[in-house]
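Student: What follows is upload-v1.tsv, made up of TSV, N, CA, C and O atoms:
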```tsv
chain	number	residue	atom	x	y	z
K	74	ARG	N	71.18	67.63	79.44
K	74	ARG	CA	71.14	68.92	78.79
K	74	ARG	C	72.24	69.84	79.29
K	74	ARG	O	72.75	70.65	78.54
K	75	VAL	N	72.58	69.72	80.57
K	75	VAL	CA	73.61	70.58	81.14
K	75	VAL	C	74.96	70.28	80.48
K	75	VAL	O	75.71	71.19	80.12
K	76	TYR	N	75.27	69.00	80.28
K	76	TYR	CA	76.53	68.63	79.62
K	76	TYR	C	76.59	69.26	78.23
K	76	TYR	O	77.60	69.84	77.84
K	77	TYR	N	75.52	69.13	77.47
K	77	TYR	CA	75.52	69.66	76.11
K	77	TYR	C	75.63	71.18	76.09
K	77	TYR	O	76.23	71.75	75.18
K	78	ARG	N	75.11	71.83	77.09
K	78	ARG	CA	75.16	73.30	77.15
K	78	ARG	C	76.54	73.82	77.54
K	78	ARG	O	77.04	74.77	76.97
K	79	TYR	N	77.17	73.17	78.52
K	79	TYR	CA	78.42	73.70	79.07
K	79	TYR	C	79.68	72.90	78.73
K	79	TYR	O	80.78	73.45	78.82
K	80	CYS	N	79.56	71.66	78.36
K	80	CYS	CA	80.74	70.80	78.23
K	80	CYS	C	81.04	70.35	76.80
K	80	CYS	O	82.20	70.14	76.45
K	81	ALA	N	80.01	70.18	76.01
K	81	ALA	CA	80.18	69.57	74.69
K	81	ALA	C	81.04	70.41	73.74
K	81	ALA	O	81.68	69.85	72.84
K	82	ASP	N	81.07	71.72	73.92
K	82	ASP	CA	81.90	72.54	73.02
K	82	ASP	C	83.35	72.11	73.06
K	82	ASP	O	84.03	72.12	72.03
K	83	CYS	N	83.85	71.75	74.21
K	83	CYS	CA	85.25	71.30	74.32
K	83	CYS	C	85.38	69.78	74.30
K	83	CYS	O	86.26	69.23	73.65
K	84	HIS	N	84.52	69.11	75.07
K	84	HIS	CA	84.65	67.66	75.21
K	84	HIS	C	83.94	66.88	74.12
K	84	HIS	O	84.12	65.66	74.03
K	85	GLY	N	83.17	67.54	73.29
K	85	GLY	CA	82.45	66.86	72.21
K	85	GLY	C	81.19	66.20	72.72
K	85	GLY	O	81.06	65.90	73.90
K	86	ARG	N	80.27	66.00	71.82
K	86	ARG	CA	78.99	65.37	72.20
K	86	ARG	C	79.21	63.96	72.73
K	86	ARG	O	78.50	63.51	73.62
K	87	ASP	N	80.21	63.27	72.20
K	87	ASP	CA	80.46	61.89	72.62
K	87	ASP	C	81.53	61.77	73.70
K	87	ASP	O	81.84	60.67	74.14
K	88	GLY	N	82.15	62.88	74.11
K	88	GLY	CA	83.16	62.86	75.16
K	88	GLY	C	84.58	62.66	74.68
K	88	GLY	O	85.51	62.60	75.48
K	89	ARG	N	84.79	62.58	73.38
K	89	ARG	CA	86.13	62.32	72.85
K	89	ARG	C	86.90	63.58	72.48
K	89	ARG	O	88.00	63.52	71.99
K	90	GLY	N	86.30	64.74	72.68
K	90	GLY	CA	86.97	66.00	72.36
K	90	GLY	C	86.35	66.64	71.14
K	90	GLY	O	85.69	65.99	70.35
K	91	SER	N	86.55	67.93	71.01
K	91	SER	CA	85.94	68.70	69.95
K	91	SER	C	87.01	69.51	69.24
K	91	SER	O	87.98	69.95	69.85
K	92	TRP	N	86.82	69.74	67.97
K	92	TRP	CA	87.75	70.58	67.21
K	92	TRP	C	87.76	72.00	67.75
K	92	TRP	O	88.76	72.69	67.63
K	93	ARG	N	86.67	72.44	68.34
K	93	ARG	CA	86.61	73.80	68.88
K	93	ARG	C	87.66	74.02	69.97
K	93	ARG	O	88.22	75.10	70.09
K	94	ALA	N	87.91	73.00	70.74
K	94	ALA	CA	88.92	73.13	71.81
K	94	ALA	C	90.31	73.33	71.22
K	94	ALA	O	91.12	74.08	71.77
K	95	THR	N	90.59	72.68	70.11
K	95	THR	CA	91.92	72.80	69.51
K	95	THR	C	92.19	74.20	68.98
K	95	THR	O	93.33	74.62	68.89
K	96	VAL	N	91.13	74.93	68.65
K	96	VAL	CA	91.29	76.31	68.21
K	96	VAL	C	91.95	77.14	69.32
K	96	VAL	O	92.74	78.03	69.05
K	97	PHE	N	91.64	76.82	70.55
K	97	PHE	CA	92.20	77.52	71.71
K	97	PHE	C	93.42	76.80	72.29
K	97	PHE	O	93.86	77.10	73.39
K	98	LEU	N	93.95	75.84	71.52
K	98	LEU	CA	95.12	75.06	71.92
K	98	LEU	C	94.90	74.31	73.22
K	98	LEU	O	95.80	74.16	74.04
K	99	VAL	N	93.69	73.85	73.41
K	99	VAL	CA	93.33	73.07	74.59
K	99	VAL	C	93.03	71.65	74.14
K	99	VAL	O	92.33	71.44	73.16
K	100	ARG	N	93.56	70.68	74.87
K	100	ARG	CA	93.26	69.29	74.58
K	100	ARG	C	92.46	68.72	75.75
K	100	ARG	O	93.04	68.29	76.74
K	101	PRO	N	91.14	68.71	75.64
K	101	PRO	CA	90.34	68.19	76.74
K	101	PRO	C	90.53	66.68	76.88
K	101	PRO	O	90.83	65.99	75.91
K	102	GLY	N	90.36	66.22	78.10
K	102	GLY	CA	90.49	64.79	78.34
K	102	GLY	C	89.44	63.99	77.61
K	102	GLY	O	88.33	64.45	77.37
K	103	ASP	N	89.82	62.77	77.23
K	103	ASP	CA	88.89	61.84	76.58
K	103	ASP	C	88.01	61.23	77.66
K	103	ASP	O	88.46	60.38	78.43
K	104	LEU	N	86.78	61.65	77.72
K	104	LEU	CA	85.87	61.18	78.76
K	104	LEU	C	85.38	59.76	78.52
K	104	LEU	O	84.72	59.19	79.38
K	105	THR	N	85.73	59.17	77.37
K	105	THR	CA	85.32	57.80	77.09
K	105	THR	C	86.37	56.79	77.51
K	105	THR	O	86.14	55.59	77.42
K	106	ASP	N	87.52	57.24	77.98
K	106	ASP	CA	88.61	56.36	78.40
K	106	ASP	C	88.28	55.73	79.75
K	106	ASP	O	88.36	56.38	80.80
K	107	ALA	N	87.91	54.46	79.72
K	107	ALA	CA	87.46	53.76	80.93
K	107	ALA	C	88.57	53.66	81.98
K	107	ALA	O	88.30	53.82	83.17
K	108	ALA	N	89.80	53.41	81.57
K	108	ALA	CA	90.90	53.30	82.53
K	108	ALA	C	91.12	54.63	83.24
K	108	ALA	O	91.34	54.67	84.46
K	109	ARG	N	91.06	55.68	82.51
K	109	ARG	CA	91.23	57.01	83.11
K	109	ARG	C	90.08	57.33	84.06
K	109	ARG	O	90.28	57.89	85.13
K	110	ALA	N	88.87	56.99	83.67
K	110	ALA	CA	87.70	57.26	84.51
K	110	ALA	C	87.78	56.51	85.83
K	110	ALA	O	87.42	57.04	86.88
K	111	ARG	N	88.27	55.27	85.79
K	111	ARG	CA	88.40	54.48	87.03
K	111	ARG	C	89.42	55.11	87.97
K	111	ARG	O	89.36	54.90	89.17
K	112	GLY	N	90.36	55.86	87.43
K	112	GLY	CA	91.42	56.46	88.24
K	112	GLY	C	90.99	57.70	89.00
K	112	GLY	O	91.76	58.24	89.78
K	113	HIS	N	89.76	58.16	88.78
K	113	HIS	CA	89.29	59.38	89.43
K	113	HIS	C	88.05	59.11	90.26
K	113	HIS	O	87.10	58.51	89.78
K	114	ALA	N	88.08	59.58	91.49
K	114	ALA	CA	86.92	59.45	92.38
K	114	ALA	C	85.83	60.43	91.94
K	114	ALA	O	86.10	61.41	91.25
K	115	ASP	N	84.62	60.16	92.35
K	115	ASP	CA	83.50	61.05	92.03
K	115	ASP	C	83.75	62.47	92.53
K	115	ASP	O	83.45	63.44	91.84
K	116	GLN	N	84.34	62.60	93.71
K	116	GLN	CA	84.59	63.92	94.27
K	116	GLN	C	85.60	64.70	93.42
K	116	GLN	O	85.49	65.92	93.27
K	117	TYR	N	86.56	64.00	92.82
K	117	TYR	CA	87.51	64.64	91.92
K	117	TYR	C	86.77	65.28	90.75
K	117	TYR	O	87.04	66.42	90.37
K	118	LEU	N	85.84	64.54	90.16
K	118	LEU	CA	85.06	65.06	89.04
K	118	LEU	C	84.23	66.27	89.46
K	118	LEU	O	84.16	67.27	88.75
K	119	VAL	N	83.59	66.18	90.61
K	119	VAL	CA	82.79	67.29	91.12
K	119	VAL	C	83.67	68.52	91.31
K	119	VAL	O	83.32	69.63	90.88
K	120	ASP	N	84.83	68.34	91.94
K	120	ASP	CA	85.75	69.46	92.17
K	120	ASP	C	86.24	70.05	90.86
K	120	ASP	O	86.33	71.28	90.71
K	121	LEU	N	86.55	69.20	89.90
K	121	LEU	CA	87.03	69.66	88.60
K	121	LEU	C	85.96	70.48	87.87
K	121	LEU	O	86.26	71.54	87.33
K	122	ILE	N	84.74	70.01	87.90
K	122	ILE	CA	83.64	70.73	87.24
K	122	ILE	C	83.35	72.04	87.95
K	122	ILE	O	83.19	73.09	87.32
K	123	LYS	N	83.32	72.00	89.26
K	123	LYS	CA	83.00	73.20	90.05
K	123	LYS	C	84.09	74.25	90.02
K	123	LYS	O	83.84	75.43	89.74
K	124	ASP	N	85.32	73.85	90.33
K	124	ASP	CA	86.40	74.79	90.55
K	124	ASP	C	87.34	74.95	89.36
K	124	ASP	O	88.23	75.79	89.38
K	125	GLY	N	87.17	74.12	88.35
K	125	GLY	CA	88.08	74.17	87.21
K	125	GLY	C	89.32	73.35	87.45
K	125	GLY	O	89.52	72.79	88.54
K	126	GLY	N	90.15	73.28	86.45
K	126	GLY	CA	91.32	72.42	86.53
K	126	GLY	C	92.54	73.02	87.19
K	126	GLY	O	93.43	72.28	87.61
K	127	ALA	N	92.62	74.33	87.27
K	127	ALA	CA	93.84	74.97	87.81
K	127	ALA	C	94.23	74.43	89.19
K	127	ALA	O	95.40	74.10	89.41
K	128	PRO	N	93.29	74.31	90.14
K	128	PRO	CA	93.69	73.77	91.45
K	128	PRO	C	94.15	72.31	91.41
K	128	PRO	O	94.80	71.83	92.31
K	129	LEU	N	93.81	71.61	90.32
K	129	LEU	CA	94.14	70.19	90.20
K	129	LEU	C	95.23	69.93	89.16
K	129	LEU	O	95.45	68.80	88.76
K	130	GLY	N	95.86	71.01	88.67
K	130	GLY	CA	96.93	70.85	87.70
K	130	GLY	C	96.47	70.73	86.26
K	130	GLY	O	97.22	70.28	85.41
K	131	LYS	N	95.23	71.09	85.99
K	131	LYS	CA	94.69	71.03	84.63
K	131	LYS	C	94.13	72.41	84.26
K	131	LYS	O	92.93	72.63	84.26
K	132	PRO	N	95.02	73.35	83.95
K	132	PRO	CA	94.61	74.76	83.81
K	132	PRO	C	93.67	75.06	82.66
K	132	PRO	O	93.05	76.11	82.64
K	133	GLY	N	93.52	74.20	81.69
K	133	GLY	CA	92.64	74.48	80.56
K	133	GLY	C	91.17	74.31	80.85
K	133	GLY	O	90.32	74.80	80.11
K	134	MET	N	90.85	73.66	81.94
K	134	MET	CA	89.45	73.39	82.29
K	134	MET	C	88.91	74.52	83.15
K	134	MET	O	89.39	74.76	84.26
K	135	PRO	N	87.88	75.23	82.66
K	135	PRO	CA	87.28	76.30	83.47
K	135	PRO	C	86.37	75.73	84.55
K	135	PRO	O	85.89	74.60	84.44
K	136	GLY	N	86.14	76.50	85.57
K	136	GLY	CA	85.20	76.11	86.62
K	136	GLY	C	83.80	76.60	86.30
K	136	GLY	O	83.62	77.62	85.64
K	137	PHE	N	82.81	75.88	86.79
K	137	PHE	CA	81.42	76.21	86.49
K	137	PHE	C	80.58	76.44	87.73
K	137	PHE	O	79.35	76.45	87.66
K	138	ALA	N	81.21	76.64	88.88
K	138	ALA	CA	80.46	76.86	90.12
K	138	ALA	C	79.55	78.08	90.03
K	138	ALA	O	78.48	78.11	90.63
K	139	PHE	N	79.97	79.06	89.27
K	139	PHE	CA	79.17	80.28	89.11
K	139	PHE	C	77.92	80.03	88.26
K	139	PHE	O	76.90	80.68	88.44
K	140	HIS	N	77.99	79.05	87.36
K	140	HIS	CA	76.90	78.79	86.41
K	140	HIS	C	75.98	77.66	86.83
K	140	HIS	O	74.83	77.62	86.40
K	141	LEU	N	76.49	76.72	87.61
K	141	LEU	CA	75.74	75.50	87.91
K	141	LEU	C	75.48	75.35	89.41
K	141	LEU	O	76.33	75.70	90.23
K	142	THR	N	74.35	74.78	89.73
K	142	THR	CA	74.05	74.44	91.12
K	142	THR	C	74.83	73.17	91.49
K	142	THR	O	75.33	72.46	90.61
K	143	ASP	N	74.87	72.87	92.78
K	143	ASP	CA	75.54	71.63	93.22
K	143	ASP	C	74.87	70.40	92.61
K	143	ASP	O	75.54	69.44	92.25
K	144	ASP	N	73.54	70.43	92.50
K	144	ASP	CA	72.82	69.30	91.89
K	144	ASP	C	73.18	69.14	90.42
K	144	ASP	O	73.34	68.02	89.92
K	145	GLN	N	73.32	70.24	89.71
K	145	GLN	CA	73.70	70.17	88.30
K	145	GLN	C	75.13	69.66	88.14
K	145	GLN	O	75.40	68.86	87.24
K	146	VAL	N	76.02	70.10	89.00
K	146	VAL	CA	77.40	69.61	88.96
K	146	VAL	C	77.43	68.10	89.20
K	146	VAL	O	78.11	67.37	88.48
K	147	ALA	N	76.69	67.65	90.18
K	147	ALA	CA	76.63	66.21	90.47
K	147	ALA	C	76.04	65.44	89.29
K	147	ALA	O	76.51	64.35	88.95
K	148	ALA	N	75.04	66.01	88.64
K	148	ALA	CA	74.42	65.36	87.48
K	148	ALA	C	75.41	65.27	86.32
K	148	ALA	O	75.48	64.24	85.63
K	149	VAL	N	76.18	66.32	86.09
K	149	VAL	CA	77.18	66.29	85.03
K	149	VAL	C	78.25	65.25	85.34
K	149	VAL	O	78.65	64.48	84.47
K	150	ALA	N	78.70	65.20	86.58
K	150	ALA	CA	79.70	64.21	86.97
K	150	ALA	C	79.17	62.78	86.74
K	150	ALA	O	79.89	61.92	86.22
K	151	ALA	N	77.92	62.56	87.10
K	151	ALA	CA	77.32	61.24	86.89
K	151	ALA	C	77.21	60.93	85.40
K	151	ALA	O	77.47	59.80	84.97
K	152	TYR	N	76.84	61.91	84.61
K	152	TYR	CA	76.73	61.70	83.17
K	152	TYR	C	78.10	61.40	82.55
K	152	TYR	O	78.23	60.51	81.71
K	153	VAL	N	79.11	62.14	82.99
K	153	VAL	CA	80.47	61.91	82.49
K	153	VAL	C	80.89	60.47	82.75
K	153	VAL	O	81.53	59.83	81.92
K	154	ARG	N	80.51	59.93	83.90
K	154	ARG	CA	80.82	58.52	84.20
K	154	ARG	C	80.22	57.57	83.16
K	154	ARG	O	80.84	56.58	82.81
K	155	THR	N	79.04	57.88	82.66
K	155	THR	CA	78.40	56.99	81.69
K	155	THR	C	79.12	56.98	80.35
K	155	THR	O	79.00	56.02	79.60
K	156	LEU	N	79.86	58.03	80.03
K	156	LEU	CA	80.53	58.11	78.74
K	156	LEU	C	81.66	57.09	78.60
K	156	LEU	O	82.04	56.74	77.50
K	157	SER	N	82.19	56.61	79.71
K	157	SER	CA	83.29	55.66	79.67
K	157	SER	C	82.82	54.21	79.80
K	157	SER	O	83.63	53.30	79.88
K	158	GLN	N	81.53	54.01	79.82
K	158	GLN	CA	81.01	52.63	79.97
K	158	GLN	C	80.68	52.03	78.63
K	158	GLN	O	80.30	52.66	77.71
```
Represent the structure from my file as structure tokens, please.
Tutor:
Amino acid sequence: RVYYRYCADCHGRDGRGSWRATVFLVRPGDLTDAARARGHADQYLVDLIKDGGAPLGKPGMPGFAFHLTDDQVAAVAAYVRTLSQ
């Protein structure tokens, strides 16, 4: 539910991206790309979700530390992993 509330608007329900993101000229990463998913450690995903993309060179991704608990961030990261399987 957390993914659908905070992530699906940009990343799409299936993880392939949403037209809504293109309105803001943002191209979210394809979360279904297995090769790309293997290239990122779990901590990278947690940091990206918590702090946003700017510290990691991906300025279009907002941070959600203010909105989500650490457990919710970890759950979203785990769910994102399932989208590439």
Student: What are the DSSP helix (DSSP H, G or I) residues of chain K, as a PyMOL selection string?
Tutor: chain K and resi 75-79+81-84+92-96+107-111+115-124+127-129+143-156
Student: Quick one: residues within 7 Å of Asp124 (chain K), only N, CA, C and O atoms counted, chain neighbours fewer than 3 positions away excluded, as an MDAnalysis selection string?
Tutor: chainID K and resid 118:121 127:128 134:138
Student: So the first atom is CA of Tyr117 (chain K) and the second is atom C of Arg93 (chain K); what is the distance between them in Å, to one decimal place?
Tutor: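 Interatomic distance here is 23.9 Å.
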Student: Let me make sure I understand: among K:Leu129, K:Gly112, K:Ile122, K:Ser157, which one has the smallest atom-to-atom distance to Gln145 (chain K) if we use only C-alpha atoms?
Tutor: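 Closest residue, counting only C-alpha atoms: K:Ile122.
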Student: Can you tell me how far atom N of Asp143 (chain K) sits from atom N of Pro101 (chain K), in Å to one decimal?
Tutor: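 Here the two named atoms are 24.0 Å from each other.
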Student: To one decimal place in Å, what is the distance between CA of Leu104 (chain K) and CA of Arg86 (chain K)?
Tutor: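 Taking CA of Leu104 (chain K) and CA of Arg86 (chain K), their separation equals 10.4 Å.
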